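These notes concern the structure reproduced below.
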Amino acid sequence: MKLTIIGCSGSFPGPDSPSSCYLLEAEGFRMLLDFGNGALGALQRHIGLYDVDAICLSHLHADHCLDLCPYHVVRTYSPQGPLPRVPVHAPADAPRRLAAAYGMPDEPGLETAFDFVRLTPGVFEVGPFQVTAARVNHPVETYGFRVSYGGRSVAYSGDTGESAELVKLASGADVLLCEASFLEQPGLPAGLHLTGRQAAEHAARADVGTLVLTHLVPWYDREQILQEASLGGFGGRTELARSGALYDLG
Ligand SMILES: [Zn+2]
Ligand SMILES: [Zn+2]
């Protein structure tokens with residue numbers, strides 16, 4: 001299983017990265033976790049324009065789902081003719097919300113390009129992958145994911161505040177992509193995002209192999225996020241996500 005970070009910028013794109021999007025590949029099957037704004041451009045550096053086989057959306061905030069709209073154009077109007085529909089595992093109301101974002105009526109909405117499957121907590125198969133979805137701690141319906149293949153696992157926090165569900169979901173994973181949107185400061189809102197220190201605390205409790213700090217918001221100093229993560233008691237490898245970074249899990 002290979003993991004490529006397409007976009008790791010938090011809340012809005014930055015100069016060096018689109019918003020959230022992660023590519024997982026195994027047996028020639030290509031699945032995206034999130035498809036935030038700007039991701040469709042950077043994705044084409046890594047796979048062909050038409051090569052997406054499945055998509056999982058953690059939640060319907062713009063920075064996690066909006067590039068489904070331009071990708072609808074790709075799948076529906078390409079010179080190669082309409083392409084097969086891509087399954088999109090997403091929270092309730094995704095078809096209507098994304099149709100509205102595009103400027104489409106609800107019917108057919110984006111369903112000429114996508115086959116929407118409503119997410120619920122639990123385990124399901126997507127191509128060769130086993131995917132576990134769990135609700136995390138964010139103001140809207142939001143899921144973290146664990147993707148397993150060939151005895152290896154990648155866990156992804158989605159957007160979340162402190163979450164026992166995330167610790168359970170990530171338990172023993174080889175890689176945890178964990179959001180670290182905030183710098184430590186008094187009065188941070190609960191149930192929204194994590195700091196680097198909190199991300200590392202989740203990684204320590206889940207006993208993961210490598211912690212990759214992601215959803216990095218451009219107005220903060222990334223090195224300071226990493227420094228704060230060093231205070232979280234996690235003994236494993238900790239690094240900052242970078243658009244284009246490849247993790248080959250064998
Ligand atoms: Zn976000
Ligand atoms: Zn969010």
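Convention: chains lettered A, B, ... in structure tokens order; per-chain residue numbering from 1; ligands numbered from 1 as shown.
Around ligand 1, the neighbouring residues within 9 Å, taking only C-alpha atoms and all ligand atoms, come to Ser9, Gly10, Ser11, Phe12, Ser19, Ser20, Gly36, His59, His61, Ala62, Asp63, His64, Gly158, Asp159, Thr160, Glu179, Ser181, His193 and His215 of chain A.
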Selected residues, N, CA and C atoms, written as an mmCIF file, in the first residue's frame, please.
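Wrote again07.cif, looks like this:
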data_model
loop_
_atom_site.group_PDB
_atom_site.id
_atom_site.type_symbol
_atom_site.label_atom_id
_atom_site.label_comp_id
_atom_site.auth_asym_id
_atom_site.auth_seq_id
_atom_site.Cartn_x
_atom_site.Cartn_y
_atom_site.Cartn_z
ATOM 1 N N SER A 9 -2.887 21.250 3.487
ATOM 2 C CA SER A 9 -3.074 22.600 4.018
ATOM 3 C C SER A 9 -4.408 22.659 4.765
ATOM 4 N N GLY A 10 -4.393 23.231 5.950
ATOM 5 C CA GLY A 10 -5.588 23.253 6.783
ATOM 6 C C GLY A 10 -6.488 24.427 6.475
ATOM 7 N N SER A 11 -7.765 24.148 6.326
ATOM 8 C CA SER A 11 -8.838 25.142 6.212
ATOM 9 C C SER A 11 -8.866 25.911 4.893
ATOM 10 N N PHE A 12 -7.705 26.133 4.281
ATOM 11 C CA PHE A 12 -7.655 26.768 2.950
ATOM 12 C C PHE A 12 -6.312 26.404 2.334
ATOM 13 N N SER A 19 -5.747 22.067 -0.228
ATOM 14 C CA SER A 19 -6.416 21.603 0.982
ATOM 15 C C SER A 19 -6.391 20.064 1.017
ATOM 16 N N SER A 20 -7.040 19.505 2.030
ATOM 17 C CA SER A 20 -6.878 18.080 2.365
ATOM 18 C C SER A 20 -7.186 17.110 1.221
ATOM 19 N N GLY A 36 -10.201 18.151 -1.108
ATOM 20 C CA GLY A 36 -10.363 19.562 -0.786
ATOM 21 C C GLY A 36 -10.000 20.478 -1.944
ATOM 22 N N HIS A 59 -15.822 14.847 5.840
ATOM 23 C CA HIS A 59 -16.940 15.734 6.167
ATOM 24 C C HIS A 59 -17.120 16.745 5.055
ATOM 25 N N HIS A 61 -17.098 20.155 5.082
ATOM 26 C CA HIS A 61 -16.483 21.482 5.039
ATOM 27 C C HIS A 61 -15.725 21.615 3.710
ATOM 28 N N ALA A 62 -15.724 22.867 3.192
ATOM 29 C CA ALA A 62 -15.239 23.108 1.829
ATOM 30 C C ALA A 62 -13.828 22.576 1.591
ATOM 31 N N ASP A 63 -12.976 22.708 2.614
ATOM 32 C CA ASP A 63 -11.569 22.332 2.424
ATOM 33 C C ASP A 63 -11.364 20.812 2.395
ATOM 34 N N HIS A 64 -12.453 20.040 2.457
ATOM 35 C CA HIS A 64 -12.339 18.576 2.419
ATOM 36 C C HIS A 64 -13.107 17.943 1.255
ATOM 37 N N GLY A 158 -9.312 13.046 9.964
ATOM 38 C CA GLY A 158 -10.269 14.078 9.543
ATOM 39 C C GLY A 158 -9.994 15.336 10.356
ATOM 40 N N ASP A 159 -10.997 16.178 10.516
ATOM 41 C CA ASP A 159 -10.876 17.329 11.423
ATOM 42 C C ASP A 159 -11.496 16.920 12.752
ATOM 43 N N THR A 160 -10.783 17.175 13.835
ATOM 44 C CA THR A 160 -11.319 16.746 15.133
ATOM 45 C C THR A 160 -10.694 17.513 16.284
ATOM 46 N N GLU A 179 -4.524 15.668 12.269
ATOM 47 C CA GLU A 179 -4.611 17.113 12.114
ATOM 48 C C GLU A 179 -3.958 17.828 13.302
ATOM 49 N N SER A 181 -4.095 21.713 13.745
ATOM 50 C CA SER A 181 -4.486 23.007 13.163
ATOM 51 C C SER A 181 -4.120 24.196 14.028
ATOM 52 N N HIS A 193 -10.545 21.447 16.671
ATOM 53 C CA HIS A 193 -9.271 21.033 16.093
ATOM 54 C C HIS A 193 -8.308 20.659 17.220
ATOM 55 N N HIS A 215 -3.150 18.958 7.996
ATOM 56 C CA HIS A 215 -4.142 20.044 8.120
ATOM 57 C C HIS A 215 -3.452 21.257 8.760
#
Based on the backbone DSSP call, show me all residues of segment 78-140 of chain A assigned strand (DSSP E or B), as an NGL selection string. :A and (86-90 or 114-118 or 122-126 or 129-135)
Tell me, which residues of segment 9-207 of chain A carry DSSP alpha helix (DSSP H), written as a VMD selection string? chain A and resid 39 to 43 62 to 65 68 to 77 94 to 102 164 to 170 196 to 206
Restricting the calculation to only C-alpha atoms and all ligand atoms, which member of A:Gly209, A:Gly14, A:Gly161, A:Pro128 is positioned closest to ligand 2? A:Gly161
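Minimum distance to Leu246 of chain A across A:Arg205, A:Pro15, A:Glu25, A:His72 (counting only C-alpha atoms) occurs at A:Glu25.
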I'd like the neighbourhood of Cys178 of chain A as a VMD selection string, where a residue qualifies if any of its atoms comes within 12 Å (using only C-alpha atoms), though same-chain residues fewer than 5 positions away should be ignored. chain A and resid 8 10 20 136 144 to 146 154 to 163 166 to 167 169 to 170 173 193 to 204 206 208 210 to 216 229 238 to 241
Long-range neighbours of Asp34 of chain A as a PyMOL selection string, 7 Å cut-off, only C-alpha atoms, 3 positions minimum in chain: chain A and resi 20-22+55-58+64-65
Best match for closeness to ligand 2 among A:Asp93, A:Asp106, A:Asp53, A:Glu141, counting only C-alpha atoms and all ligand atoms: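 Counting only C-alpha atoms and all ligand atoms, the residue closest to ligand 2 is A:Glu141.
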Considering only C-alpha atoms, state which residue in the set A:Leu98, A:His89, A:Gly81, A:Gly48 is at the smallest distance from Cys69 of chain A.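 Of A:Leu98, A:His89, A:Gly81, A:Gly48, the one nearest Cys69 of chain A is A:Leu98, counting only C-alpha atoms.
Going from atom CA of Val86 of chain A over to atom CA of Leu249 of chain A, you cover 25.1 Å.
Shortest separation to ligand 2 among A:Thr142, A:Pro70, A:Phe35, A:Gln44 occurs at residue A:Thr142, atoms counted being only C-alpha atoms and all ligand atoms.
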Within 10 Å of Val52 of chain A using only C-alpha atoms, minus same-chain residues under 3 positions, as a list in words: Leu23, Glu25, Phe29, Arg30, Met31, Leu32, Leu43, Ile47, Gly48, Leu49, Ile55, Tyr71, Arg75, Val86 and Pro87 of chain A
With distances taken over only C-alpha atoms and all ligand atoms, which of A:Thr112, A:Ser17, A:Ser78, A:Asn137 is nearest to ligand 2?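 Between A:Thr112, A:Ser17, A:Ser78, A:Asn137, the residue approaching ligand 2 most closely is A:Asn137.
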Any idea what the distance is between atom CA of Leu177 of chain A and atom CA of Asp115 of chain A?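 Between these atoms lies a distance of 26.3 Å.
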Work out how far apart atom CA of Asp221 of chain A and atom CA of Asn37 of chain A are and give it in Å to one decimal.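 Interatomic distance here is 21.4 Å.
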